[in-house]
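Input: a single structure, listed below in structure tokens.
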Amino acid sequence: MKVVVVNHSDMQGGAAIVSLRLVHALQDAGIDARMLVIDKQSDDELVGVMGGKWRNKWNFLAERLGVFLRNGMRRDTLFKIDTGSHGINLASHPWVKDADVVCLNWVNQGTLSLKGVEQLAKSGKPIVWTMHDMWNCTGVCHYSFDCERYKDHCHSCPLLETNGKDLSTTIQEKKRKLYEQVSIHFVAVSHWLAECCKQSKTMANSDLSVIYNAFPIDDFDCTRQTGGFEGIPADKKIMVMGARRLDVEVKGFKELIETTQYIADNKPELASKIHLVLYGDLHDKTLLSKIKIPCTYLGTISSTEQLSSLYRHSDIVLSTALYENLPGTLIEGQASGCLPVTFGKGGQADIVEHLKTGYIAEYKDPASVAAGIEWAIGANVSREFLHSEVERKFAASKIAQQYIELFDRIIT
């Protein structure tokens, strides 16, 4: 069987990382799997580039310009919106022509247009579309936050600051027509996202499965280590939180700050026991001064080895993200023996069993997050058990087999 996985990039962003992991997991399972991207950053021979440099740049800029002209020329929402208006002609690529199945992943920002998906489907290729956020089931947004208009008719989009029918209405209708006209099997990587899709106007009748992201369990050792990691004290309970970019709204840095302020003001004993470690890009570094418990900021971590070492030196993996589809940081931390503390708006419940393998705090409640941290410090949960739970749910070999079974079903 020949499979082509399509994603915007092979290294940049969570969807890129898990998409490349899936390619290698399928290869290990005996499938001839390759990956096509427009932004290649690795030297992996299984990854090919689609489109041309200038054509890809034009598609990206043309779509951004279309959004910019429709969102009131606001920069703050420019990359929170995608329209699927521009992209390459994927159906003509030799790897695609030779494939038995095409697996689309995150294909926004000029990678693939809705028209291009239609052309691909009409070429006769079976399509699996793995969703890494809500974009497929909304009008133009990747996360709807508190807006539930996608369940009926998108309009008066908060990201567009409009009244009545707008760009979100138009794109939602284009998606609805596309899904009705062509055969696509959708994969949600969390049960939360699957439920969002079932409730949406566009996807209520779509063919849908839940398959988690593949995780390289062997890359993460759960043995606790002390010393040897610069900036991490050996006599504290270490709490780590990371993201590709920490201070985007959806990652909940504001809620993290509020939690540390609550702990400093109301739980001085807890504050004296813990040390927070942050990693990832942070555009506004003045935010660090607002954190009121001891903290080390490491910047961006690019290697799996360094990340694994960080988690082995830690006890808790924290996420105050407002929405997460299937948060990889929680899986990585748990695989390394750290207890997750997180909100539950998203796929966290697929990872964390409350009070057994972690703590799901009340949404946007600093006191509840603090209570979760206290629970995690005192919980008698072995690091080996946490590692085995990740292996049971997310091991790459198991996820690859689930995809193979899906491919077999839609081909026949």
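Residues in the structure tokens are numbered from 1 in each chain, the chains being A, B, ... in the order shown, and ligands are numbered from 1 in the order shown.
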Skipping near chain neighbours, those fewer than 4 positions away, what residues fall within 10 Å of A:Ile184 using only C-alpha atoms, listed as a PyMOL selection string?
chain A and resi 103-104+117-118+121+125-129+178-180+206-208+410
Within 12 Å of stretch 391-398 of chain A, which residues of stretch 272-385 of chain A show up? Give each one with its shortest atom-to-atom distance in Å (one decimal) and the two atoms involved, counting only C-alpha atoms, rows by chain then rising residue number, as CSV.
residue,atom,partner,partner_atom,distance
A:Leu326,CA,A:Phe394,CA,10.9
A:Gly328,CA,A:Phe394,CA,10.6
A:Ile331,CA,A:Phe394,CA,8.5
A:Glu332,CA,A:Phe394,CA,10.6
A:Gln334,CA,A:Glu391,CA,10.1
A:Ala335,CA,A:Glu391,CA,7.7
A:Ser336,CA,A:Glu391,CA,11.0
A:Gly337,CA,A:Glu391,CA,11.9
A:Asp350,CA,A:Lys393,CA,8.7
A:Ile351,CA,A:Lys393,CA,8.2
A:Val352,CA,A:Lys393,CA,11.1
A:Glu384,CA,A:Glu391,CA,10.6
A:Phe385,CA,A:Glu391,CA,9.8
What does the file look like for those residues with N, CA, C and O atoms, as a PDB file, in the first residue's frame?
ATOM      1  N   LEU A 326      -5.270  17.668  21.263  1.00  0.00           N
ATOM      2  CA  LEU A 326      -4.650  16.540  21.961  1.00  0.00           C
ATOM      3  C   LEU A 326      -3.250  17.005  22.347  1.00  0.00           C
ATOM      4  O   LEU A 326      -2.291  16.763  21.628  1.00  0.00           O
ATOM      5  N   GLY A 328       0.277  17.676  23.024  1.00  0.00           N
ATOM      6  CA  GLY A 328       1.465  16.832  23.020  1.00  0.00           C
ATOM      7  C   GLY A 328       2.338  17.010  24.246  1.00  0.00           C
ATOM      8  O   GLY A 328       2.986  16.060  24.695  1.00  0.00           O
ATOM      9  N   ILE A 331       1.237  14.639  26.914  1.00  0.00           N
ATOM     10  CA  ILE A 331       1.610  13.255  26.605  1.00  0.00           C
ATOM     11  C   ILE A 331       3.104  13.055  26.840  1.00  0.00           C
ATOM     12  O   ILE A 331       3.520  12.053  27.446  1.00  0.00           O
ATOM     13  N   GLU A 332       3.924  13.998  26.377  1.00  0.00           N
ATOM     14  CA  GLU A 332       5.364  13.894  26.574  1.00  0.00           C
ATOM     15  C   GLU A 332       5.720  13.871  28.057  1.00  0.00           C
ATOM     16  O   GLU A 332       6.524  13.046  28.502  1.00  0.00           O
ATOM     17  N   GLN A 334       3.749  13.090  30.630  1.00  0.00           N
ATOM     18  CA  GLN A 334       3.241  11.884  31.274  1.00  0.00           C
ATOM     19  C   GLN A 334       4.098  10.668  30.910  1.00  0.00           C
ATOM     20  O   GLN A 334       4.379   9.825  31.766  1.00  0.00           O
ATOM     21  N   ALA A 335       4.544  10.586  29.652  1.00  0.00           N
ATOM     22  CA  ALA A 335       5.410   9.482  29.243  1.00  0.00           C
ATOM     23  C   ALA A 335       6.726   9.483  30.005  1.00  0.00           C
ATOM     24  O   ALA A 335       7.359   8.435  30.188  1.00  0.00           O
ATOM     25  N   SER A 336       7.126  10.676  30.480  1.00  0.00           N
ATOM     26  CA  SER A 336       8.368  10.819  31.233  1.00  0.00           C
ATOM     27  C   SER A 336       8.143  10.720  32.742  1.00  0.00           C
ATOM     28  O   SER A 336       9.081  10.922  33.515  1.00  0.00           O
ATOM     29  N   GLY A 337       6.909  10.435  33.143  1.00  0.00           N
ATOM     30  CA  GLY A 337       6.623  10.230  34.554  1.00  0.00           C
ATOM     31  C   GLY A 337       6.094  11.434  35.295  1.00  0.00           C
ATOM     32  O   GLY A 337       5.951  11.404  36.520  1.00  0.00           O
ATOM     33  N   ASP A 350      -8.741  12.618  27.067  1.00  0.00           N
ATOM     34  CA  ASP A 350      -8.206  11.439  26.391  1.00  0.00           C
ATOM     35  C   ASP A 350      -6.842  11.053  26.949  1.00  0.00           C
ATOM     36  O   ASP A 350      -6.384   9.923  26.767  1.00  0.00           O
ATOM     37  N   ILE A 351      -6.187  11.989  27.613  1.00  0.00           N
ATOM     38  CA  ILE A 351      -4.855  11.755  28.176  1.00  0.00           C
ATOM     39  C   ILE A 351      -4.927  11.532  29.682  1.00  0.00           C
ATOM     40  O   ILE A 351      -4.305  10.618  30.229  1.00  0.00           O
ATOM     41  N   VAL A 352      -5.703  12.377  30.362  1.00  0.00           N
ATOM     42  CA  VAL A 352      -5.711  12.438  31.816  1.00  0.00           C
ATOM     43  C   VAL A 352      -6.985  11.815  32.377  1.00  0.00           C
ATOM     44  O   VAL A 352      -8.094  12.223  32.024  1.00  0.00           O
ATOM     45  N   GLU A 384       6.461   4.951  36.397  1.00  0.00           N
ATOM     46  CA  GLU A 384       6.356   3.822  35.474  1.00  0.00           C
ATOM     47  C   GLU A 384       4.912   3.605  35.027  1.00  0.00           C
ATOM     48  O   GLU A 384       4.652   3.284  33.858  1.00  0.00           O
ATOM     49  N   PHE A 385       3.958   3.788  35.936  1.00  0.00           N
ATOM     50  CA  PHE A 385       2.546   3.627  35.585  1.00  0.00           C
ATOM     51  C   PHE A 385       2.116   4.682  34.572  1.00  0.00           C
ATOM     52  O   PHE A 385       1.423   4.375  33.605  1.00  0.00           O
TER      53      PHE A 385
END
Near stretch 261-273 of chain A, counting only C-alpha atoms, which residues have an atom at most 9 Å away, once you skip same-chain residues fewer than 3 positions from it, shown as a ChimeraX atom specification?
/A:235-238,256-258,290-294,366-367,370,373-374
Could you pull out the strand (DSSP E) residues of stretch 128-175 of chain A from DSSP and send them as a PyMOL selection string?
chain A and resi 128-131
Close residues, stretch 71-73 of chain A itself excluded, 10 Å, only C-alpha atoms, min 6 positions apart in chain, as a list in words
Leu65, Ile81, Cys157, Pro158, Leu159, Leu160, Glu161, Thr162, Asp166 and Leu167 of chain A
Write a file of the selected residues as a compact mmCIF listing (two decimals), in the first residue's frame, keeping all heavy atoms.
# COMPACT_ATOMS: atom_id res chain seq x y z
N LEU A 65 -3.86 38.29 2.20
CA LEU A 65 -4.41 39.57 1.76
C LEU A 65 -5.93 39.53 1.76
O LEU A 65 -6.59 40.49 2.20
CB LEU A 65 -3.90 39.92 0.35
CG LEU A 65 -4.42 41.22 -0.26
CD1 LEU A 65 -4.02 42.41 0.61
CD2 LEU A 65 -3.91 41.39 -1.69
N ILE A 81 -7.31 33.07 11.23
CA ILE A 81 -8.35 32.82 10.22
C ILE A 81 -7.71 32.17 9.00
O ILE A 81 -6.62 32.57 8.58
CB ILE A 81 -9.02 34.15 9.80
CG1 ILE A 81 -9.81 34.75 10.96
CG2 ILE A 81 -9.92 33.95 8.58
CD1 ILE A 81 -10.28 36.17 10.70
N CYS A 157 -18.87 37.04 12.84
CA CYS A 157 -17.70 36.35 13.39
C CYS A 157 -16.93 37.27 14.34
O CYS A 157 -16.57 38.39 13.98
CB CYS A 157 -16.80 35.89 12.26
SG CYS A 157 -15.29 35.07 12.81
N PRO A 158 -16.65 36.82 15.57
CA PRO A 158 -15.90 37.64 16.52
C PRO A 158 -14.50 38.01 16.01
O PRO A 158 -13.98 39.07 16.35
CB PRO A 158 -15.80 36.75 17.76
CG PRO A 158 -16.96 35.81 17.65
CD PRO A 158 -17.13 35.56 16.19
N LEU A 159 -13.90 37.15 15.18
CA LEU A 159 -12.57 37.43 14.65
C LEU A 159 -12.61 38.45 13.52
O LEU A 159 -11.60 39.06 13.20
CB LEU A 159 -11.91 36.14 14.16
CG LEU A 159 -11.63 35.09 15.23
CD1 LEU A 159 -11.01 33.85 14.59
CD2 LEU A 159 -10.71 35.64 16.32
N LEU A 160 -13.78 38.62 12.91
CA LEU A 160 -13.93 39.58 11.82
C LEU A 160 -14.56 40.89 12.30
O LEU A 160 -14.52 41.91 11.59
CB LEU A 160 -14.80 38.99 10.70
CG LEU A 160 -14.24 37.76 10.00
CD1 LEU A 160 -15.30 37.11 9.12
CD2 LEU A 160 -13.02 38.15 9.16
N GLU A 161 -15.18 40.85 13.49
CA GLU A 161 -15.89 42.00 14.05
C GLU A 161 -16.93 42.52 13.07
O GLU A 161 -16.96 43.71 12.73
CB GLU A 161 -14.91 43.10 14.47
CG GLU A 161 -14.04 42.72 15.66
CD GLU A 161 -13.26 43.89 16.21
OE1 GLU A 161 -13.12 44.91 15.51
OE2 GLU A 161 -12.78 43.79 17.36
N THR A 162 -17.77 41.61 12.59
CA THR A 162 -18.80 41.95 11.61
C THR A 162 -20.18 41.70 12.21
O THR A 162 -20.32 41.07 13.26
CB THR A 162 -18.63 41.08 10.34
OG1 THR A 162 -18.53 39.70 10.74
CG2 THR A 162 -17.40 41.47 9.58
N ASP A 166 -21.04 37.11 6.67
CA ASP A 166 -19.70 37.62 6.41
C ASP A 166 -18.84 36.52 5.80
O ASP A 166 -19.37 35.51 5.29
CB ASP A 166 -19.07 38.16 7.70
CG ASP A 166 -19.08 37.14 8.84
OD1 ASP A 166 -19.16 35.93 8.55
OD2 ASP A 166 -19.01 37.55 10.01
N LEU A 167 -17.54 36.69 5.84
CA LEU A 167 -16.63 35.71 5.26
C LEU A 167 -16.79 34.33 5.89
O LEU A 167 -16.69 33.31 5.20
CB LEU A 167 -15.18 36.19 5.43
CG LEU A 167 -14.07 35.33 4.81
CD1 LEU A 167 -14.22 35.25 3.30
CD2 LEU A 167 -12.70 35.89 5.20
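Proximity to A:Tyr323 was assessed for A:Gly124, A:Gly252, A:Gly372, A:Gly52 counting only C-alpha atoms; the smallest distance is recorded for A:Gly252.
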Can you tell me which residues surround A:Ser319 at a distance of at most 10 Å, considering only C-alpha atoms, apart from same-chain residues fewer than 3 positions away, and format the answer as a PyMOL selection string?
chain A and resi 240-243+251-253+255-256+316+322-324+327+329-330+340-344+348+360+369
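Considering only C-alpha atoms, the residue among A:Val102, A:Ile88, A:Leu310, A:Ala379 positioned nearest to A:Thr226 is A:Leu310.
With distances taken over only C-alpha atoms, A:Ser85 is the one residue among A:Asp133, A:Lys97, A:Ser85, A:Asp76 lying closest to A:Gly116.
Comparing A:Arg245, A:Ala33, A:Thr77, A:Arg55 by their smallest distance to A:Gln12, the closest is A:Arg245 (using only C-alpha atoms).
Computed from the coordinates, the atom CA of A:Ile399 to atom CA of A:Tyr212 distance equals 6.7 Å.
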List every residue of stretch 54-270 of chain A that DSSP, applied to the backbone of this structure, places in helix (DSSP H, G or I), and write the result as a PyMOL selection string.
chain A and resi 54-70+90-92+94-98+114-122+135-137+149-151+167-181+191-199+217-219+249-251+253-266+268-270
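Closest approach to A:Ser9 among A:Trp106, A:Tyr150, A:Trp54, A:Phe68: A:Trp106, based on only C-alpha atoms.
Counting from atom CA of A:Phe145, the distance to atom CA of A:Asp281 is 22.6 Å.
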